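So this block is target27.tsv, TSV, C-alpha atoms:
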chain	number	residue	atom	x	y	z
A	141	MET	CA	31.56	-21.91	-41.06
A	142	PRO	CA	31.34	-23.42	-44.56
A	143	ASP	CA	28.70	-26.01	-45.18
A	144	GLU	CA	29.81	-29.62	-44.93
A	145	PRO	CA	30.19	-31.26	-48.34
A	146	GLY	CA	27.11	-33.14	-49.43
A	147	LYS	CA	24.82	-31.62	-46.79
A	148	SER	CA	22.14	-28.99	-47.29
A	149	SER	CA	21.66	-26.20	-44.76
A	150	SER	CA	18.54	-27.97	-43.46
A	151	GLN	CA	20.67	-31.01	-42.47
A	152	ILE	CA	23.34	-29.13	-40.49
A	153	LEU	CA	23.04	-29.41	-36.70
A	154	VAL	CA	23.63	-26.24	-34.73
A	155	ARG	CA	23.79	-26.25	-30.92
A	156	LYS	CA	22.35	-23.39	-28.88
A	157	LEU	CA	20.77	-22.56	-25.52
A	158	SER	CA	16.98	-22.15	-25.65
A	159	THR	CA	13.92	-22.20	-23.43
A	160	ILE	CA	11.45	-24.85	-24.56
A	161	LEU	CA	7.74	-24.89	-23.73
A	162	SER	CA	6.04	-28.26	-24.20
A	163	ALA	CA	2.24	-28.59	-23.98
A	164	ASP	CA	-0.40	-31.23	-24.56
A	165	VAL	CA	-4.09	-31.69	-23.75
A	166	ALA	CA	-5.00	-33.68	-20.64
A	167	GLU	CA	-7.38	-36.62	-21.28
A	168	PHE	CA	-7.42	-35.89	-25.02
A	169	SER	CA	-8.22	-39.52	-25.92
A	170	ARG	CA	-11.28	-39.55	-23.62
A	171	LEU	CA	-12.51	-36.23	-24.99
A	172	MET	CA	-12.13	-37.45	-28.58
A	173	GLY	CA	-13.84	-40.74	-27.78
A	174	GLU	CA	-16.87	-38.97	-26.31
A	175	ASP	CA	-17.29	-36.28	-28.98
A	176	GLU	CA	-14.71	-35.94	-31.73
A	177	GLU	CA	-16.18	-32.97	-33.56
A	178	GLN	CA	-16.81	-30.83	-30.48
A	179	THR	CA	-13.37	-31.66	-29.04
A	180	LEU	CA	-11.61	-30.68	-32.27
A	181	LYS	CA	-13.61	-27.45	-32.51
A	182	THR	CA	-12.66	-26.48	-28.94
A	183	PHE	CA	-9.04	-27.53	-29.45
A	184	ARG	CA	-8.67	-25.44	-32.61
A	185	GLY	CA	-10.06	-22.38	-30.85
A	186	HIS	CA	-7.66	-22.91	-27.93
A	187	LYS	CA	-4.75	-23.43	-30.33
A	188	LYS	CA	-5.36	-20.06	-32.00
A	189	VAL	CA	-5.17	-18.36	-28.59
A	190	PHE	CA	-2.02	-20.37	-27.84
A	191	GLU	CA	-0.32	-19.37	-31.10
A	192	SER	CA	-1.18	-15.67	-30.79
A	193	LEU	CA	0.20	-15.47	-27.24
A	194	VAL	CA	3.41	-17.28	-28.22
A	195	ALA	CA	3.95	-14.71	-30.97
A	196	MET	CA	3.12	-11.86	-28.58
A	197	HIS	CA	5.85	-13.07	-26.22
A	198	ARG	CA	8.38	-13.30	-29.07
A	199	GLY	CA	8.43	-17.08	-29.25
A	200	ARG	CA	7.89	-19.48	-32.14
A	201	ILE	CA	6.09	-22.82	-32.47
A	202	PHE	CA	8.51	-25.28	-34.06
A	203	ASN	CA	6.57	-28.54	-33.85
A	204	THR	CA	3.01	-29.82	-33.46
A	205	ALA	CA	1.66	-33.35	-33.45
A	206	GLY	CA	-1.97	-34.10	-32.67
A	207	ASP	CA	-2.71	-32.34	-29.37
A	208	ALA	CA	0.98	-31.58	-28.60
A	209	ILE	CA	2.63	-28.17	-29.17
A	210	LEU	CA	6.33	-27.28	-28.83
A	211	ALA	CA	7.47	-23.65	-28.69
A	212	GLU	CA	10.90	-22.00	-28.40
A	213	PHE	CA	11.79	-18.75	-26.58
A	214	ALA	CA	15.04	-16.84	-26.33
A	215	SER	CA	14.06	-15.73	-22.79
A	216	ALA	CA	13.01	-17.95	-19.87
A	217	VAL	CA	11.08	-15.01	-18.38
A	218	GLU	CA	9.02	-14.59	-21.57
A	219	ALA	CA	8.39	-18.34	-21.80
A	220	VAL	CA	6.97	-18.50	-18.26
A	221	ARG	CA	4.99	-15.30	-18.69
A	222	CYS	CA	3.55	-16.69	-21.93
A	223	ALA	CA	2.60	-20.02	-20.28
A	224	THR	CA	0.72	-18.39	-17.40
A	225	ASP	CA	-1.02	-15.98	-19.79
A	226	ILE	CA	-2.13	-18.90	-21.96
A	227	GLN	CA	-3.49	-20.82	-18.98
A	228	GLY	CA	-5.37	-17.75	-17.76
A	229	ALA	CA	-6.89	-17.10	-21.20
A	230	LEU	CA	-7.84	-20.73	-21.78
A	231	ARG	CA	-9.39	-21.00	-18.33
A	232	THR	CA	-11.77	-18.18	-19.27
A	233	ARG	CA	-12.74	-20.08	-22.43
A	234	ASN	CA	-13.11	-23.37	-20.53
A	235	ASP	CA	-15.38	-21.76	-17.94
A	236	GLN	CA	-18.02	-21.57	-20.66
A	237	LEU	CA	-17.97	-25.38	-21.05
A	238	PRO	CA	-19.16	-28.20	-18.76
A	239	PRO	CA	-16.27	-29.51	-16.61
A	240	SER	CA	-16.24	-32.86	-18.44
A	241	ARG	CA	-15.82	-31.14	-21.83
A	242	GLN	CA	-13.08	-28.67	-20.95
A	243	VAL	CA	-9.88	-28.85	-23.01
A	244	ARG	CA	-7.03	-28.14	-20.57
A	245	PHE	CA	-3.33	-28.05	-21.41
A	246	ARG	CA	-0.50	-29.31	-19.22
A	247	MET	CA	2.74	-27.40	-19.73
A	248	GLY	CA	6.43	-27.98	-19.02
A	249	ILE	CA	9.23	-25.44	-19.48
A	250	ASN	CA	12.97	-26.13	-19.54
A	251	LEU	CA	16.06	-24.05	-20.24
A	252	GLY	CA	18.77	-26.18	-21.82
A	253	ASP	CA	21.08	-26.97	-24.68
A	254	VAL	CA	19.32	-28.03	-27.88
A	255	MET	CA	20.27	-28.99	-31.43
A	256	GLU	CA	18.70	-27.05	-34.27
A	257	GLN	CA	18.21	-28.67	-37.65
A	258	GLY	CA	16.38	-26.43	-40.08
A	259	GLN	CA	13.29	-25.25	-38.21
A	260	ASP	CA	13.17	-28.21	-35.81
A	261	LEU	CA	14.81	-28.59	-32.38
A	262	MET	CA	16.03	-31.80	-30.74
A	263	GLY	CA	18.01	-32.99	-27.75
A	264	ASP	CA	17.76	-33.28	-23.97
A	265	GLY	CA	16.64	-29.66	-23.63
A	266	VAL	CA	13.46	-30.56	-25.54
A	267	ASN	CA	13.01	-33.96	-23.91
A	268	VAL	CA	13.19	-32.57	-20.37
A	269	ALA	CA	10.48	-29.99	-21.19
A	270	ALA	CA	8.26	-32.80	-22.49
A	271	ARG	CA	8.79	-34.82	-19.28
A	272	LEU	CA	8.09	-31.80	-17.07
A	273	GLN	CA	4.79	-31.40	-18.87
A	274	THR	CA	3.73	-34.87	-17.62
A	275	ALA	CA	4.28	-33.71	-14.01
A	276	ALA	CA	1.94	-30.72	-14.42
A	277	GLU	CA	-1.72	-30.77	-13.45
A	278	PRO	CA	-4.35	-30.11	-16.16
A	279	GLY	CA	-4.36	-26.33	-16.52
A	280	GLY	CA	-1.01	-26.08	-14.68
A	281	VAL	CA	2.66	-25.37	-15.41
A	282	CYS	CA	5.82	-27.15	-14.22
A	283	ILE	CA	9.30	-25.69	-14.72
A	284	SER	CA	12.82	-27.01	-14.30
A	285	GLY	CA	15.31	-25.71	-11.77
A	286	SER	CA	17.22	-23.90	-14.53
A	287	VAL	CA	14.08	-21.92	-15.42
A	288	HIS	CA	13.24	-21.29	-11.75
A	289	ASP	CA	16.68	-19.78	-11.19
A	290	GLN	CA	16.07	-17.31	-14.02
A	291	VAL	CA	12.53	-16.15	-13.15
A	292	ARG	CA	12.15	-16.30	-9.37
A	293	ASN	CA	13.22	-12.67	-8.81
A	294	LYS	CA	11.79	-11.27	-12.04
A	295	LEU	CA	8.12	-12.35	-12.05
A	296	SER	CA	5.36	-12.21	-9.43
A	297	LEU	CA	4.90	-15.96	-9.05
A	298	SER	CA	4.36	-18.51	-6.30
A	299	PHE	CA	5.95	-21.97	-6.51
A	300	HIS	CA	5.81	-25.42	-4.95
A	301	SER	CA	9.08	-27.35	-5.03
A	302	LEU	CA	8.50	-30.95	-6.13
A	303	GLY	CA	12.11	-31.83	-5.37
A	304	GLU	CA	14.43	-33.72	-7.72
A	305	LYS	CA	12.28	-35.96	-9.90
A	306	SER	CA	13.45	-38.83	-12.07
A	307	TYR	CA	11.87	-38.97	-15.52
A	308	LYS	CA	11.78	-41.74	-18.08
A	309	ASN	CA	14.85	-41.78	-20.38
A	310	ILE	CA	16.35	-38.70	-18.66
A	311	GLN	CA	19.77	-39.55	-17.23
A	312	GLN	CA	19.86	-37.14	-14.28
A	313	PRO	CA	17.08	-36.16	-11.82
A	314	VAL	CA	15.55	-32.79	-12.61
A	315	ARG	CA	14.76	-30.11	-10.03
A	316	THR	CA	11.07	-29.53	-10.58
A	317	PHE	CA	8.78	-26.68	-9.51
A	318	SER	CA	5.06	-26.25	-9.94
A	319	ILE	CA	3.69	-22.71	-10.41
A	320	THR	CA	0.82	-22.22	-7.96
A	321	GLU	CA	-0.10	-18.58	-8.59
A	322	ALA	CA	0.73	-15.93	-11.19
A	323	GLU	CA	-0.15	-12.26	-11.27
A	324	GLY	CA	-2.86	-11.75	-13.88
A	325	ALA	CA	-3.66	-15.48	-14.13
A	326	GLY	CA	-4.55	-16.10	-10.47
A	327	ALA	CA	-4.16	-19.53	-8.88
A	328	LEU	CA	-3.02	-22.44	-11.07
A	329	PRO	CA	-3.62	-26.16	-10.47
A	330	ALA	CA	-0.49	-27.62	-8.88
A	331	ALA	CA	0.69	-30.97	-7.60
A	332	ALA	CA	1.40	-31.31	-3.87
A	333	PRO	CA	5.04	-30.59	-2.94
A	334	GLN	CA	7.30	-33.60	-2.41
A	335	GLY	CA	7.40	-34.77	1.17
A	336	ALA	CA	4.14	-33.08	2.07
A	337	GLY	CA	2.92	-36.35	3.62
A	338	GLY	CA	-0.42	-36.25	1.83
A	339	GLY	CA	-3.30	-33.83	1.90
A	340	ALA	CA	-4.74	-35.15	5.17
A	341	ALA	CA	-1.48	-34.67	7.06
A	342	LYS	CA	-1.10	-31.16	5.64
A	343	TRP	CA	-4.58	-30.16	6.83
A	344	ILE	CA	-4.02	-31.76	10.25
A	345	VAL	CA	-0.84	-29.72	10.70
A	346	ALA	CA	-2.61	-26.58	9.51
A	347	GLY	CA	-5.46	-27.26	11.95
A	348	VAL	CA	-3.07	-27.72	14.87
A	349	VAL	CA	-1.25	-24.49	14.02
A	350	LEU	CA	-4.57	-22.63	13.76
A	351	LEU	CA	-5.76	-24.10	17.08
A	352	VAL	CA	-2.55	-23.08	18.82
A	353	ALA	CA	-2.86	-19.57	17.37
A	354	VAL	CA	-6.48	-19.26	18.51
A	355	LEU	CA	-5.71	-20.56	22.01
A	356	GLY	CA	-2.70	-18.27	22.22
A	357	ALA	CA	-4.72	-15.25	21.13
A	358	GLY	CA	-7.50	-16.14	23.58
A	359	GLY	CA	-5.04	-16.61	26.42
A	360	TYR	CA	-3.39	-13.30	25.67
A	361	TRP	CA	-6.74	-11.51	25.56
A	362	ALA	CA	-7.77	-13.09	28.90
A	363	TYR	CA	-4.42	-12.11	30.40
A	364	THR	CA	-4.74	-8.48	29.28
A	365	VAL	CA	-8.30	-8.25	30.66
A	366	SER	CA	-7.10	-9.74	33.95
A	367	GLN	CA	-4.23	-7.29	34.14
A	368	ARG	CA	-6.55	-4.33	33.48
A	369	SER	CA	-8.87	-5.56	36.25
A	370	LYS	CA	-5.96	-5.87	38.67
A	371	ALA	CA	-4.69	-2.44	37.75
A	372	THR	CA	-8.14	-0.95	38.29
A	373	VAL	CA	-8.50	-2.56	41.72
A	374	VAL	CA	-5.11	-1.27	42.79
A	375	GLN	CA	-6.03	2.21	41.67
A	376	ALA	CA	-9.28	2.23	43.71
A	377	PRO	CA	-8.97	4.60	46.70
A	378	PRO	CA	-8.09	2.69	49.90
A	379	ILE	CA	-10.48	2.76	52.84
A	380	THR	CA	-8.77	4.44	55.77
A	381	PRO	CA	-9.68	2.95	59.17
A	382	ALA	CA	-11.31	5.48	61.48
A	383	PRO	CA	-9.54	6.36	64.74
A	384	PRO	CA	-10.71	4.49	67.86
A	385	PRO	CA	-13.56	6.11	69.80
A	386	GLU	CA	-12.60	8.58	72.51
A	387	ALA	CA	-14.45	6.79	75.27
A	388	PRO	CA	-15.08	3.03	75.49
A	389	ALA	CA	-18.72	2.22	74.94
A	390	PRO	CA	-20.60	-0.86	73.80
A	391	ALA	CA	-21.11	-0.94	70.04
A	392	ALA	CA	-24.88	-1.33	70.52
A	393	ALA	CA	-25.06	1.90	72.57
A	394	LYS	CA	-24.86	4.02	69.40
A	395	PRO	CA	-27.59	3.83	66.81
A	396	ALA	CA	-26.34	2.64	63.41
A	397	ALA	CA	-27.44	5.91	61.82
A	398	GLU	CA	-25.14	7.90	64.06
A	399	GLU	CA	-21.98	5.91	63.40
A	400	PRO	CA	-19.26	8.13	61.93
A	401	GLU	CA	-18.27	7.47	58.30
A	402	GLY	CA	-15.48	4.92	58.21
A	403	ALA	CA	-16.11	3.61	61.74
A	404	PRO	CA	-14.63	0.18	62.52
A	405	SER	CA	-18.06	-1.50	62.52
A	406	ALA	CA	-18.57	-0.39	58.89
A	407	GLN	CA	-15.25	-2.00	57.85
A	408	THR	CA	-15.61	-5.27	59.66
A	409	PRO	CA	-17.08	-8.14	57.60
A	410	SER	CA	-20.50	-9.16	58.90
A	411	ALA	CA	-23.85	-10.33	57.72
A	412	ALA	CA	-24.91	-6.70	57.23
A	413	ALA	CA	-21.83	-5.48	55.27
A	414	PRO	CA	-19.70	-7.27	52.60
A	415	PRO	CA	-15.96	-7.81	53.16
A	416	ALA	CA	-13.77	-4.85	52.30
A	417	GLY	CA	-12.00	-6.81	49.50
A	418	LYS	CA	-15.28	-7.48	47.72
A	419	ALA	CA	-16.32	-3.85	48.08
A	420	VAL	CA	-13.04	-2.74	46.50
A	421	ALA	CA	-13.41	-5.26	43.67
A	422	ALA	CA	-16.97	-4.12	43.03
A	423	ALA	CA	-15.83	-0.51	42.96
A	424	GLY	CA	-13.02	-1.48	40.55
A	425	ALA	CA	-15.46	-3.29	38.25
A	426	ALA	CA	-17.74	-0.26	38.14
A	427	HIS	CA	-14.71	1.94	37.44
A	428	GLU	CA	-13.44	-0.38	34.66
A	429	ALA	CA	-16.71	-0.66	32.77
A	430	LYS	CA	-16.87	3.06	32.09
A	431	PRO	CA	-13.79	3.89	29.98
A	432	TYR	CA	-13.78	0.77	27.77
A	433	PRO	CA	-16.24	0.64	24.86
A	434	SER	CA	-16.05	-3.17	24.59
A	435	ALA	CA	-19.07	-3.76	26.82
A	436	LYS	CA	-21.14	-1.39	24.69
A	437	ARG	CA	-19.84	-2.99	21.48
A	438	SER	CA	-20.78	-6.47	22.62
A	439	ALA	CA	-24.25	-5.19	23.41
A	440	GLY	CA	-24.70	-4.34	19.72
A	441	LEU	CA	-23.89	-0.62	19.72
A	442	TYR	CA	-21.70	-1.00	16.60
A	443	ASP	CA	-23.80	-3.63	14.79
A	444	GLY	CA	-24.98	-2.57	11.36
A	445	VAL	CA	-23.84	-1.83	7.80
A	446	TYR	CA	-20.35	-0.42	7.18
A	447	SER	CA	-19.14	0.99	3.88
A	448	GLY	CA	-16.19	2.85	2.43
A	449	ALA	CA	-13.03	2.39	0.39
A	450	ILE	CA	-10.81	-0.63	-0.12
A	451	CYS	CA	-7.54	0.47	-1.73
A	452	TYR	CA	-4.84	-1.61	-3.43
A	453	ALA	CA	-1.35	-0.11	-3.64
A	454	GLU	CA	0.53	0.60	-6.85
A	455	THR	CA	2.86	-2.11	-8.17
A	456	ARG	CA	5.11	-2.41	-11.19
A	457	LYS	CA	2.23	-3.78	-13.24
A	458	PHE	CA	-0.85	-2.22	-11.68
A	459	PRO	CA	-1.75	1.36	-10.68
A	460	ARG	CA	-3.22	2.27	-7.30
A	461	ARG	CA	-6.90	1.34	-7.23
A	462	CYS	CA	-9.70	2.11	-4.76
A	463	VAL	CA	-13.24	0.69	-4.80
A	464	ASP	CA	-16.26	1.40	-2.59
A	465	ARG	CA	-17.64	-1.72	-0.91
A	466	GLU	CA	-19.72	-2.58	2.16
A	467	GLY	CA	-20.19	-5.29	4.78
A	468	THR	CA	-22.34	-6.08	7.80
A	469	LEU	CA	-21.23	-6.36	11.44
A	470	SER	CA	-23.34	-8.54	13.72
A	471	GLY	CA	-22.05	-9.45	17.17
A	472	GLU	CA	-18.43	-10.50	16.72
A	473	LYS	CA	-18.66	-11.31	12.99
A	474	ILE	CA	-18.31	-9.08	9.94
A	475	THR	CA	-19.23	-10.35	6.47
A	476	GLY	CA	-19.47	-9.04	2.92
A	477	GLN	CA	-19.83	-10.28	-0.64
A	478	TRP	CA	-19.73	-8.56	-4.04
A	479	LEU	CA	-19.00	-9.17	-7.73
A	480	GLU	CA	-15.35	-8.16	-8.18
A	481	ALA	CA	-14.89	-8.90	-11.89
A	482	PRO	CA	-18.28	-9.22	-13.60
A	483	GLU	CA	-16.80	-10.08	-16.99
A	484	ALA	CA	-15.02	-13.10	-15.48
A	485	HIS	CA	-17.80	-13.89	-12.95
A	486	VAL	CA	-15.37	-13.49	-10.05
A	487	THR	CA	-16.93	-12.93	-6.60
A	488	MET	CA	-15.12	-11.44	-3.60
A	489	PHE	CA	-15.94	-12.84	-0.14
A	490	LEU	CA	-15.10	-10.98	3.10
A	491	THR	CA	-15.20	-12.55	6.57
A	492	GLY	CA	-13.79	-11.28	9.83
A	493	ASP	CA	-13.87	-11.24	13.61
A	494	VAL	CA	-14.10	-8.30	16.01
A	495	SER	CA	-12.85	-8.95	19.55
A	496	PRO	CA	-14.47	-7.37	22.64
A	497	SER	CA	-11.48	-4.99	22.82
A	498	GLY	CA	-12.15	-3.73	19.27
A	499	ASP	CA	-9.39	-5.63	17.43
A	500	VAL	CA	-10.40	-6.54	13.87
A	501	ARG	CA	-9.14	-9.43	11.73
A	502	ILE	CA	-10.40	-9.70	8.14
A	503	GLU	CA	-9.81	-12.23	5.35
A	504	MET	CA	-10.84	-11.50	1.75
A	505	HIS	CA	-10.63	-13.86	-1.21
A	506	SER	CA	-12.09	-13.92	-4.69
A	507	GLU	CA	-13.47	-17.05	-6.33
A	508	LYS	CA	-14.47	-18.16	-9.78
A	509	PRO	CA	-17.81	-19.99	-10.22
A	510	ASP	CA	-16.02	-23.36	-9.96
A	511	GLY	CA	-14.59	-22.42	-6.55
A	512	THR	CA	-11.08	-21.61	-7.79
A	513	VAL	CA	-9.49	-18.96	-5.54
A	514	VAL	CA	-8.01	-16.11	-7.57
A	515	VAL	CA	-6.51	-13.85	-4.87
A	516	SER	CA	-6.42	-13.74	-1.05
A	517	ILE	CA	-5.93	-10.72	1.23
A	518	ASP	CA	-5.34	-10.61	5.01
A	519	LEU	CA	-6.10	-7.41	6.97
A	520	ALA	CA	-5.83	-6.38	10.62
A	521	GLY	CA	-6.96	-3.21	12.40
A	522	THR	CA	-9.39	-1.74	14.91
A	523	LEU	CA	-13.03	-0.77	15.37
A	524	HIS	CA	-13.39	2.58	17.15
A	525	ASP	CA	-16.23	5.12	17.23
A	526	GLY	CA	-18.03	3.39	14.37
A	527	LEU	CA	-14.92	3.31	12.11
A	528	ILE	CA	-13.18	0.15	10.90
A	529	ASP	CA	-9.58	0.93	9.94
A	530	ALA	CA	-7.52	-2.06	8.74
A	531	SER	CA	-4.48	-2.72	6.56
A	532	GLY	CA	-2.65	-5.74	5.21
A	533	SER	CA	-1.59	-7.28	1.93
A	534	PHE	CA	-2.27	-9.84	-0.75
A	535	ARG	CA	-0.61	-13.21	-0.16
A	536	LYS	CA	1.92	-12.13	-2.80
A	537	GLY	CA	2.75	-8.90	-0.94
A	538	ARG	CA	0.72	-6.12	-2.61
A	539	PRO	CA	-0.40	-3.75	0.22
A	540	ALA	CA	-4.11	-3.12	0.79
A	541	THR	CA	-6.15	-0.92	3.17
A	542	LEU	CA	-9.78	-0.80	4.27
A	543	GLN	CA	-11.55	2.18	5.84
A	544	TRP	CA	-15.24	1.67	6.51
A	545	ARG	CA	-17.62	3.80	8.55
A	546	LYS	CA	-20.96	2.71	9.92
A	547	THR	CA	-23.66	3.86	7.52
A	548	GLY	CA	-26.72	1.92	8.61
A	549	GLY	CA	-28.21	-0.24	11.33
A	550	THR	CA	-30.17	0.04	14.56
A	551	SER	CA	-29.08	2.57	17.16
A	552	HIS	CA	-28.89	1.46	20.79

Final structure tokens representation of the file:
Amino acid sequence: MPDEPGKSSSQILVRKLSTILSADVAEFSRLMGEDEEQTLKTFRGHKKVFESLVAMHRGRIFNTAGDAILAEFASAVEAVRCATDIQGALRTRNDQLPPSRQVRFRMGINLGDVMEQGQDLMGDGVNVAARLQTAAEPGGVCISGSVHDQVRNKLSLSFHSLGEKSYKNIQQPVRTFSITEAEGAGALPAAAPQGAGGGAAKWIVAGVVLLVAVLGAGGYWAYTVSQRSKATVVQAPPITPAPPPEAPAPAAAKPAAEEPEGAPSAQTPSAAAPPAGKAVAAAGAAHEAKPYPSAKRSAGLYDGVYSGAICYAETRKFPRRCVDREGTLSGEKITGQWLEAPEAHVTMFLTGDVSPSGDVRIEMHSEKPDGTVVVSIDLAGTLHDGLIDASGSFRKGRPATLQWRKTGGTSH
């Protein structure tokens, strides 16, 4: 199209569809007021990381003003991947600073129509990204519904829906999502989903669900134990009544030592002999205790140190990986702790329960020094003959297995 008369190429407006990433520093005024020089030094270091990652993800920074940065991407997937990578990298840098001096970006990403004039971009597509940024937590990322539609099946992410939010000077409500977890960046700060009813209500509901699950599991376990006991009693050999004596004679006429086995006097409840039902139940209890190892386990037979491999399955981004770790079983509890990523000071915590029947439930999660949870894994399996064999997955679906054998402890 020929240039309009009297206008240079830098003045011509061109419309196009772009993904815009808007970022600014949370509490920048407070940080500058407390220590201008240190804040600017930290900000400049963060900005270099920001710029290099934008270039790596084939984006470009088209505007900066103070602590604000605007970047453009041709791909929504690359924009979101870039944002989570930046937050992960900057979190590592911030971990070296006191919490009150950390420089944390809030980010908003929108896919929309924009107007390009020279190197600058304008329009609602840019404005919506800037408003989404205000909804993000420090260190977090919010995206519009148009971006969510593009990335939800292409990236390993977890989201909270914040519903349709109305923003200042934006004509229509915007579907808004907060990214809560990203592969490689771990958990991200995120606002509570709309309609959650507040943190207290959420934890009350979670507590009720957990209580119901525990009561249900306990009731099921009690039921199965009861059923095994009943089955054992039924299987006990019945006591066959002896035939009546050939000639009538007083019961006292025969010495007790000469009474034939199974005589009526031995089957009749009295002060000298327990009722037949109790004798059968006692025989059933003795029979039941033998084949089940639970009684021995509860007595501490399997207490001690367990070690072996924990394996994480191959995914599109990560190869299969196995590490040797160990934990300690004491009574009905199994625990373990180790440094999972020394360079990032990430610690893995393992806790679990072992039921009297040998069922094992294990929860693993890794934490940063500030308590931020990076990943969580749930496993279930069995304890048998000194071997713990469990499998499960990360909360995001990556399969994991644990095979530990008893390697230390006191023998019983």

Interatomic distance (Å, one decimal) between atom CA of A:His300 and atom CA of A:Ala330: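 Taking atom CA of A:His300 as the start and atom CA of A:Ala330 as the end point, the length is 7.7 Å.
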
From the set A:Gln273, A:Ser447, A:Ser240, A:Gln257, which residue has the shortest atom-to-atom contact distance to A:Gly548, counting only C-alpha atoms? A:Ser447

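If you look at atom CA of A:His197 and atom CA of A:Phe245, they are 18.2 Å away from each other.
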
Would you work out the distance separating atom CA of A:Ala270 from atom CA of A:Arg184, expressed in Å to one decimal?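 Separation of atom CA of A:Ala270 and atom CA of A:Arg184: 21.1 Å.
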
Looking at all atoms listed in the file, which of A:Ile160, A:Leu523, A:Ala322, A:Ala219 is the one that sits closest to A:Asp264? A:Ile160

Pick out the residues sitting within 8 Å of stretch 536-545 of chain A, and hand them over as a list in words; count all atoms listed in the file, and ignore anything fewer than 5 positions along from it in its own chain. Ser296, Leu297, Ser298, Tyr446, Ser447, Gly448, Ala449, Ile450, Cys451, Tyr452, Ala453, Glu454, Thr455, Glu466, Ile517, Leu519, Gly526, Leu527, Ile528, Asp529, Ala530 and Ser531 of chain A

Just checking: using all atoms listed in the file, which residue out of A:Pro509, A:Gly444, A:Gly258, A:Gly265 ends up closest to A:Arg231? A:Pro509

Using only C-alpha atoms, find the one residue out of A:Ile226, A:Ala325, A:Val165, A:Val154 that sits nearest to A:Leu180.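 Of all the options, A:Val165 lies closest to A:Leu180.
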
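Using all atoms listed in the file, the smallest distance between any of A:Phe458, A:Gly248, A:Thr232, A:Ser284 and A:His485 comes from A:Thr232.
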
Which of these, A:Gly279, A:Pro238, A:Gly326, A:Gly511, has the shortest distance to A:Arg535 once you count only C-alpha atoms?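 For A:Arg535, the nearest of the given residues is A:Gly326.
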
Within 9 Å of (14.7, -35.2, -4.2) in the file's own coordinates, which protein, DNA or RNA residues have an atom, counting all atoms listed in the file? List them as a count of residues only. 9

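Point (-21.6, -9.9, 14.0) has the following residues at most 10 Å away: Ser438, Gly440, Tyr442, Asp443, Gly444, Thr468, Leu469, Ser470, Gly471, Glu472, Lys473, Ile474, Thr475, Gly492, Asp493 and Val494 of chain A (atoms considered: all atoms listed in the file).
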